[in-house]
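S.K.: Dropping in protein_8.pdb, with PDB, C-alpha atoms and all ligand atoms.
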```pdb
ATOM      1  CA  MET A   1     -24.663 -37.910 -48.566  1.00  0.00           C
ATOM      2  CA  LEU A   2     -27.281 -35.381 -49.562  1.00  0.00           C
ATOM      3  CA  ARG A   3     -28.247 -34.970 -53.153  1.00  0.00           C
ATOM      4  CA  ALA A   4     -29.849 -31.845 -54.496  1.00  0.00           C
ATOM      5  CA  GLY A   5     -33.619 -32.150 -54.357  1.00  0.00           C
ATOM      6  CA  ASP A   6     -33.837 -34.817 -51.655  1.00  0.00           C
ATOM      7  CA  PHE A   7     -35.631 -32.553 -49.218  1.00  0.00           C
ATOM      8  CA  GLY A   8     -37.911 -31.183 -51.888  1.00  0.00           C
ATOM      9  CA  ARG A   9     -38.991 -34.689 -52.861  1.00  0.00           C
ATOM     10  CA  VAL A  10     -39.459 -35.749 -49.262  1.00  0.00           C
ATOM     11  CA  LEU A  11     -41.492 -32.643 -48.462  1.00  0.00           C
ATOM     12  CA  ASP A  12     -43.695 -33.088 -51.522  1.00  0.00           C
ATOM     13  CA  CYS A  13     -47.082 -34.062 -50.061  1.00  0.00           C
ATOM     14  CA  LYS A  14     -48.641 -35.540 -53.194  1.00  0.00           C
ATOM     15  CA  SER A  15     -47.582 -39.125 -52.418  1.00  0.00           C
ATOM     16  CA  LYS A  16     -49.788 -41.796 -50.863  1.00  0.00           C
ATOM     17  CA  GLU A  17     -49.952 -42.293 -47.102  1.00  0.00           C
ATOM     18  CA  GLY A  18     -47.629 -45.302 -46.991  1.00  0.00           C
ATOM     19  CA  GLN A  19     -45.147 -43.375 -49.043  1.00  0.00           C
ATOM     20  CA  ASP A  20     -45.482 -40.455 -46.621  1.00  0.00           C
ATOM     21  CA  MET A  21     -44.396 -42.682 -43.740  1.00  0.00           C
ATOM     22  CA  ALA A  22     -41.365 -43.925 -45.645  1.00  0.00           C
ATOM     23  CA  ASP A  23     -40.481 -40.392 -46.661  1.00  0.00           C
ATOM     24  CA  GLU A  24     -40.865 -39.179 -43.088  1.00  0.00           C
ATOM     25  CA  LYS A  25     -38.415 -41.838 -41.888  1.00  0.00           C
ATOM     26  CA  ARG A  26     -36.039 -40.924 -44.675  1.00  0.00           C
ATOM     27  CA  LEU A  27     -36.283 -37.232 -43.803  1.00  0.00           C
ATOM     28  CA  GLU A  28     -35.698 -37.973 -40.130  1.00  0.00           C
ATOM     29  CA  ARG A  29     -32.620 -40.042 -40.969  1.00  0.00           C
ATOM     30  CA  LYS A  30     -31.327 -37.308 -43.248  1.00  0.00           C
ATOM     31  CA  ARG A  31     -31.823 -34.694 -40.526  1.00  0.00           C
ATOM     32  CA  GLY A  32     -29.881 -36.899 -38.123  1.00  0.00           C
ATOM     33  CA  GLU A  33     -27.033 -37.198 -40.632  1.00  0.00           C
ATOM     34  CA  ILE A  34     -26.892 -33.444 -41.130  1.00  0.00           C
ATOM     35  CA  GLU A  35     -26.912 -32.773 -37.397  1.00  0.00           C
ATOM     36  CA  GLU A  36     -24.052 -35.231 -36.871  1.00  0.00           C
ATOM     37  CA  LEU A  37     -22.157 -33.621 -39.700  1.00  0.00           C
ATOM     38  CA  ALA A  38     -22.679 -30.165 -38.196  1.00  0.00           C
ATOM     39  CA  GLU A  39     -21.504 -31.392 -34.802  1.00  0.00           C
ATOM     40  CA  GLY A  40     -18.354 -32.681 -36.471  1.00  0.00           C
ATOM     41  CA  TRP A  41     -17.850 -29.241 -38.033  1.00  0.00           C
ATOM     42  CA  GLY A  42     -18.180 -27.753 -34.562  1.00  0.00           C
ATOM     43  CA  LYS A  43     -15.334 -29.954 -33.364  1.00  0.00           C
ATOM     44  CA  LEU A  44     -13.212 -28.948 -36.347  1.00  0.00           C
ATOM     45  CA  LEU A  45     -14.050 -25.308 -35.676  1.00  0.00           C
ATOM     46  CA  ALA A  46     -12.881 -25.623 -32.073  1.00  0.00           C
ATOM     47  CA  ARG A  47      -9.548 -27.066 -33.214  1.00  0.00           C
ATOM     48  CA  GLU A  48      -9.244 -24.348 -35.866  1.00  0.00           C
ATOM     49  CA  ALA A  49     -10.027 -21.545 -33.398  1.00  0.00           C
ATOM     50  CA  PHE A  50      -7.502 -22.804 -30.867  1.00  0.00           C
ATOM     51  CA  PRO A  51      -4.883 -24.855 -32.717  1.00  0.00           C
ATOM     52  CA  ASN A  52      -2.571 -24.796 -29.709  1.00  0.00           C
ATOM     53  CA  GLY A  53      -5.245 -25.817 -27.225  1.00  0.00           C
ATOM     54  CA  VAL A  54      -7.843 -23.774 -25.379  1.00  0.00           C
ATOM     55  CA  GLY A  55      -6.212 -21.593 -22.750  1.00  0.00           C
ATOM     56  CA  LEU A  56      -7.652 -21.588 -19.252  1.00  0.00           C
ATOM     57  CA  ASP A  57      -8.377 -17.875 -19.688  1.00  0.00           C
ATOM     58  CA  VAL A  58     -10.964 -18.609 -22.406  1.00  0.00           C
ATOM     59  CA  ASP A  59     -14.412 -18.516 -20.814  1.00  0.00           C
ATOM     60  CA  LEU A  60     -17.639 -20.188 -21.907  1.00  0.00           C
ATOM     61  CA  PHE A  61     -19.023 -16.910 -23.241  1.00  0.00           C
ATOM     62  CA  THR A  62     -16.084 -16.534 -25.634  1.00  0.00           C
ATOM     63  CA  MET A  63     -16.403 -20.155 -26.766  1.00  0.00           C
ATOM     64  CA  GLU A  64     -20.117 -19.716 -27.424  1.00  0.00           C
ATOM     65  CA  GLU A  65     -19.499 -16.437 -29.229  1.00  0.00           C
ATOM     66  CA  ILE A  66     -17.012 -18.083 -31.619  1.00  0.00           C
ATOM     67  CA  ALA A  67     -19.350 -21.001 -32.316  1.00  0.00           C
ATOM     68  CA  ALA A  68     -22.495 -18.868 -32.712  1.00  0.00           C
ATOM     69  CA  THR A  69     -20.780 -16.505 -35.148  1.00  0.00           C
ATOM     70  CA  ALA A  70     -19.630 -19.448 -37.232  1.00  0.00           C
ATOM     71  CA  ALA A  71     -23.113 -21.004 -37.108  1.00  0.00           C
ATOM     72  CA  LYS A  72     -24.599 -17.804 -38.558  1.00  0.00           C
ATOM     73  CA  ARG A  73     -22.196 -17.947 -41.480  1.00  0.00           C
ATOM     74  CA  LEU A  74     -23.111 -21.610 -41.945  1.00  0.00           C
ATOM     75  CA  VAL A  75     -26.795 -20.663 -42.287  1.00  0.00           C
ATOM     76  CA  ARG A  76     -25.950 -17.942 -44.789  1.00  0.00           C
ATOM     77  CA  GLY A  77     -23.712 -20.207 -46.880  1.00  0.00           C
ATOM     78  CA  ALA A  78     -26.301 -22.981 -46.892  1.00  0.00           C
ATOM     79  CA  ILE A  79     -29.203 -20.678 -47.858  1.00  0.00           C
ATOM     80  CA  GLU A  80     -27.236 -19.039 -50.672  1.00  0.00           C
ATOM     81  CA  THR A  81     -26.144 -22.420 -52.014  1.00  0.00           C
ATOM     82  CA  MET A  82     -29.631 -23.949 -51.858  1.00  0.00           C
ATOM     83  CA  THR A  83     -31.270 -20.987 -53.589  1.00  0.00           C
ATOM     84  CA  ASP A  84     -28.511 -21.006 -56.237  1.00  0.00           C
ATOM     85  CA  ASP A  85     -29.290 -24.690 -56.809  1.00  0.00           C
ATOM     86  CA  GLN A  86     -32.968 -23.837 -57.247  1.00  0.00           C
ATOM     87  CA  ALA A  87     -32.076 -21.095 -59.718  1.00  0.00           C
ATOM     88  CA  GLU A  88     -30.063 -23.663 -61.679  1.00  0.00           C
ATOM     89  CA  THR A  89     -33.076 -25.994 -61.675  1.00  0.00           C
ATOM     90  CA  LEU A  90     -35.267 -23.231 -63.104  1.00  0.00           C
ATOM     91  CA  GLY A  91     -32.953 -22.842 -66.090  1.00  0.00           C
ATOM     92  CA  THR A  92     -33.021 -19.944 -68.537  1.00  0.00           C
ATOM     93  CA  GLU A  93     -36.670 -19.862 -69.619  1.00  0.00           C
ATOM     94  CA  HIS A  94     -40.008 -20.050 -67.817  1.00  0.00           C
ATOM     95  CA  PRO A  95     -43.619 -20.049 -69.019  1.00  0.00           C
ATOM     96  CA  CYS A  96     -45.549 -16.868 -68.265  1.00  0.00           C
ATOM     97  CA  PRO A  97     -48.302 -17.581 -65.690  1.00  0.00           C
ATOM     98  CA  GLY A  98     -50.629 -15.356 -67.716  1.00  0.00           C
ATOM     99  CA  CYS A  99     -50.296 -16.580 -71.311  1.00  0.00           C
ATOM    100  CA  GLY A 100     -47.922 -19.543 -71.075  1.00  0.00           C
ATOM    101  CA  LYS A 101     -45.356 -18.033 -73.434  1.00  0.00           C
ATOM    102  CA  LEU A 102     -41.765 -19.098 -72.692  1.00  0.00           C
ATOM    103  CA  CYS A 103     -39.906 -16.053 -71.391  1.00  0.00           C
ATOM    104  CA  GLN A 104     -36.222 -15.416 -70.803  1.00  0.00           C
ATOM    105  CA  LEU A 105     -35.219 -15.646 -67.123  1.00  0.00           C
ATOM    106  CA  ASP A 106     -32.837 -13.126 -65.678  1.00  0.00           C
ATOM    107  CA  TYR A 107     -31.380 -13.232 -62.215  1.00  0.00           C
ATOM    108  CA  ARG A 108     -30.925 -10.267 -59.978  1.00  0.00           C
ATOM    109  CA  SER A 109     -29.229 -10.161 -56.653  1.00  0.00           C
ATOM    110  CA  ARG A 110     -31.400  -9.430 -53.646  1.00  0.00           C
ATOM    111  CA  SER A 111     -30.288  -9.080 -50.062  1.00  0.00           C
ATOM    112  CA  ILE A 112     -32.551 -10.733 -47.496  1.00  0.00           C
ATOM    113  CA  GLN A 113     -32.350 -11.392 -43.783  1.00  0.00           C
ATOM    114  CA  VAL A 114     -32.033 -15.007 -42.720  1.00  0.00           C
ATOM    115  CA  ARG A 115     -31.307 -16.382 -39.269  1.00  0.00           C
ATOM    116  CA  GLY A 116     -27.639 -16.173 -40.205  1.00  0.00           C
ATOM    117  CA  GLY A 117     -27.835 -12.456 -40.976  1.00  0.00           C
ATOM    118  CA  PRO A 118     -27.941 -10.907 -44.451  1.00  0.00           C
ATOM    119  CA  ALA A 119     -27.793 -13.299 -47.410  1.00  0.00           C
ATOM    120  CA  GLU A 120     -27.526 -12.531 -51.107  1.00  0.00           C
ATOM    121  CA  LEU A 121     -30.044 -14.399 -53.246  1.00  0.00           C
ATOM    122  CA  ASN A 122     -30.063 -14.687 -57.002  1.00  0.00           C
ATOM    123  CA  GLU A 123     -33.729 -14.074 -57.609  1.00  0.00           C
ATOM    124  CA  PRO A 124     -35.218 -15.179 -60.924  1.00  0.00           C
ATOM    125  CA  VAL A 125     -37.304 -12.610 -62.785  1.00  0.00           C
ATOM    126  CA  ALA A 126     -38.838 -12.690 -66.247  1.00  0.00           C
ATOM    127  CA  HIS A 127     -40.672 -10.193 -68.409  1.00  0.00           C
ATOM    128  CA  CYS A 128     -43.508 -11.288 -70.680  1.00  0.00           C
ATOM    129  CA  SER A 129     -43.686  -8.966 -73.699  1.00  0.00           C
ATOM    130  CA  THR A 130     -47.187 -10.231 -74.570  1.00  0.00           C
ATOM    131  CA  CYS A 131     -48.712  -9.548 -71.144  1.00  0.00           C
ATOM    132  CA  ARG A 132     -46.332  -6.624 -70.521  1.00  0.00           C
ATOM    133  CA  ARG A 133     -45.597  -7.710 -67.013  1.00  0.00           C
ATOM    134  CA  ASP A 134     -42.778  -9.059 -64.898  1.00  0.00           C
ATOM    135  CA  PHE A 135     -43.165 -12.306 -63.031  1.00  0.00           C
ATOM    136  CA  PHE A 136     -41.077 -14.070 -60.435  1.00  0.00           C
ATOM    137  CA  PRO A 137     -41.032 -17.820 -60.863  1.00  0.00           C
ATOM    138  CA  SER A 138     -39.956 -19.950 -57.912  1.00  0.00           C
ATOM    139  CA  ALA A 139     -38.334 -23.345 -58.115  1.00  0.00           C
ATOM    140  CA  SER A 140     -41.339 -25.024 -56.458  1.00  0.00           C
ATOM    141  CA  SER A 141     -43.764 -23.617 -59.016  1.00  0.00           C
ATOM    142  CA  ALA A 142     -41.496 -24.901 -61.806  1.00  0.00           C
ATOM    143  CA  GLN A 143     -42.112 -28.487 -60.670  1.00  0.00           C
ATOM    144  CA  ASN A 144     -45.905 -28.200 -60.959  1.00  0.00           C
TER     145      ASN A 144
HETATM  146 ZN    ZN B 201     -47.616 -13.613 -70.786  1.00  0.00          ZN
END
```
If you convert what's in this file into structure tokens, what do you get?

M.R.:
Amino acid sequence: MLRAGDFGRVLDCKSKEGQDMADEKRLERKRGEIEELAEGWGKLLAREAFPNGVGLDVDLFTMEEIAATAAKRLVRGAIETMTDDQAETLGTEHPCPGCGKLCQLDYRSRSIQVRGGPAELNEPVAHCSTCRRDFFPSASSAQN
């Protein structure tokens, strides 16, 4: 099963070349697992959409439409969950990029377009009273 941060670690390019190869294999395996999982969800979705069996009047277009709509919601749910996880990783304080002072992080909701349609992100924002500016830390910059 996936653990939070697995992809981030795998995609981190600071490791040595041998490590890169191992990570690449691990990432490939993980992708395979996720794709299999998603295919299983597709099967569940089909059973859920037509619990009494698929009537002969249901055409391929309708089947695809049901699956594609669900896939969009899957993208949205996954993106919102992953960005929420990153926000959790950032915590409640972040050093100002200007002066290094620890500043209180607030989160505000922002609507963005993803391949699944609109998604609501909890975007971290902080205000440094010393530099008198707002800054927007990202989870990746927090790890540096
Ligand atoms: Zn500052």

S.K.: Suppose you want the space between CA of Leu27 in chain A and CA of Glu39 in chain A; what is it in Å?

M.R.: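 For CA of Leu27 in chain A relative to CA of Glu39 in chain A, the distance reads 18.3 Å.
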
S.K.: Show which residues sit within 9 Å of range 72-84 of chain A, as a ChimeraX atom specification. Count only C-alpha atoms, and ignore same-chain residues fewer than 2 positions away.

M.R.: /A:4,67-70,86-89,114-123,139

S.K.: Quote the spacing between atom ZN of ligand ZN 201 (chain B) and CA of Lys101 in chain A in Å to one decimal place.

M.R.: 5.6 Å

S.K.: Could you tell me, counting only C-alpha atoms and all ligand atoms, which protein and nucleic acid residues lie no more than 7 Å from ligand ZN 201 (chain B), written as a PDB file with C-alpha atoms, in the frame of the given file?

M.R.:
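Listing of selection-v1.pdb after writing:
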```pdb
ATOM      1  CA  CYS A  96     -45.549 -16.868 -68.265  1.00  0.00           C
ATOM      2  CA  PRO A  97     -48.302 -17.581 -65.690  1.00  0.00           C
ATOM      3  CA  GLY A  98     -50.629 -15.356 -67.716  1.00  0.00           C
ATOM      4  CA  CYS A  99     -50.296 -16.580 -71.311  1.00  0.00           C
ATOM      5  CA  GLY A 100     -47.922 -19.543 -71.075  1.00  0.00           C
ATOM      6  CA  LYS A 101     -45.356 -18.033 -73.434  1.00  0.00           C
ATOM      7  CA  CYS A 128     -43.508 -11.288 -70.680  1.00  0.00           C
ATOM      8  CA  SER A 129     -43.686  -8.966 -73.699  1.00  0.00           C
ATOM      9  CA  THR A 130     -47.187 -10.231 -74.570  1.00  0.00           C
ATOM     10  CA  CYS A 131     -48.712  -9.548 -71.144  1.00  0.00           C
TER      11      CYS A 131
END
```

S.K.: Looking at A:Glu24, A:Asp59, A:Asp134, A:Asp85, which one is nearest to Asp106 in chain A, with distances taken over all atoms listed in the file?

M.R.: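 Among A:Glu24, A:Asp59, A:Asp134, A:Asp85, it is A:Asp134 that comes nearest to Asp106 in chain A.
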
S.K.: Have a look at A:Arg133, A:Ser138, A:Gln113, A:Val54 and name the one nearest to His94 in chain A; count all atoms listed in the file.

M.R.: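 Result for the nearest residue to His94 in chain A: A:Ser138.
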
S.K.: Could you please determine the separation between CA of Gly91 in chain A and CA of Leu105 in chain A in Å, to one decimal place?

M.R.: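 Spanning CA of Gly91 in chain A to CA of Leu105 in chain A is a straight-line distance of 7.6 Å.
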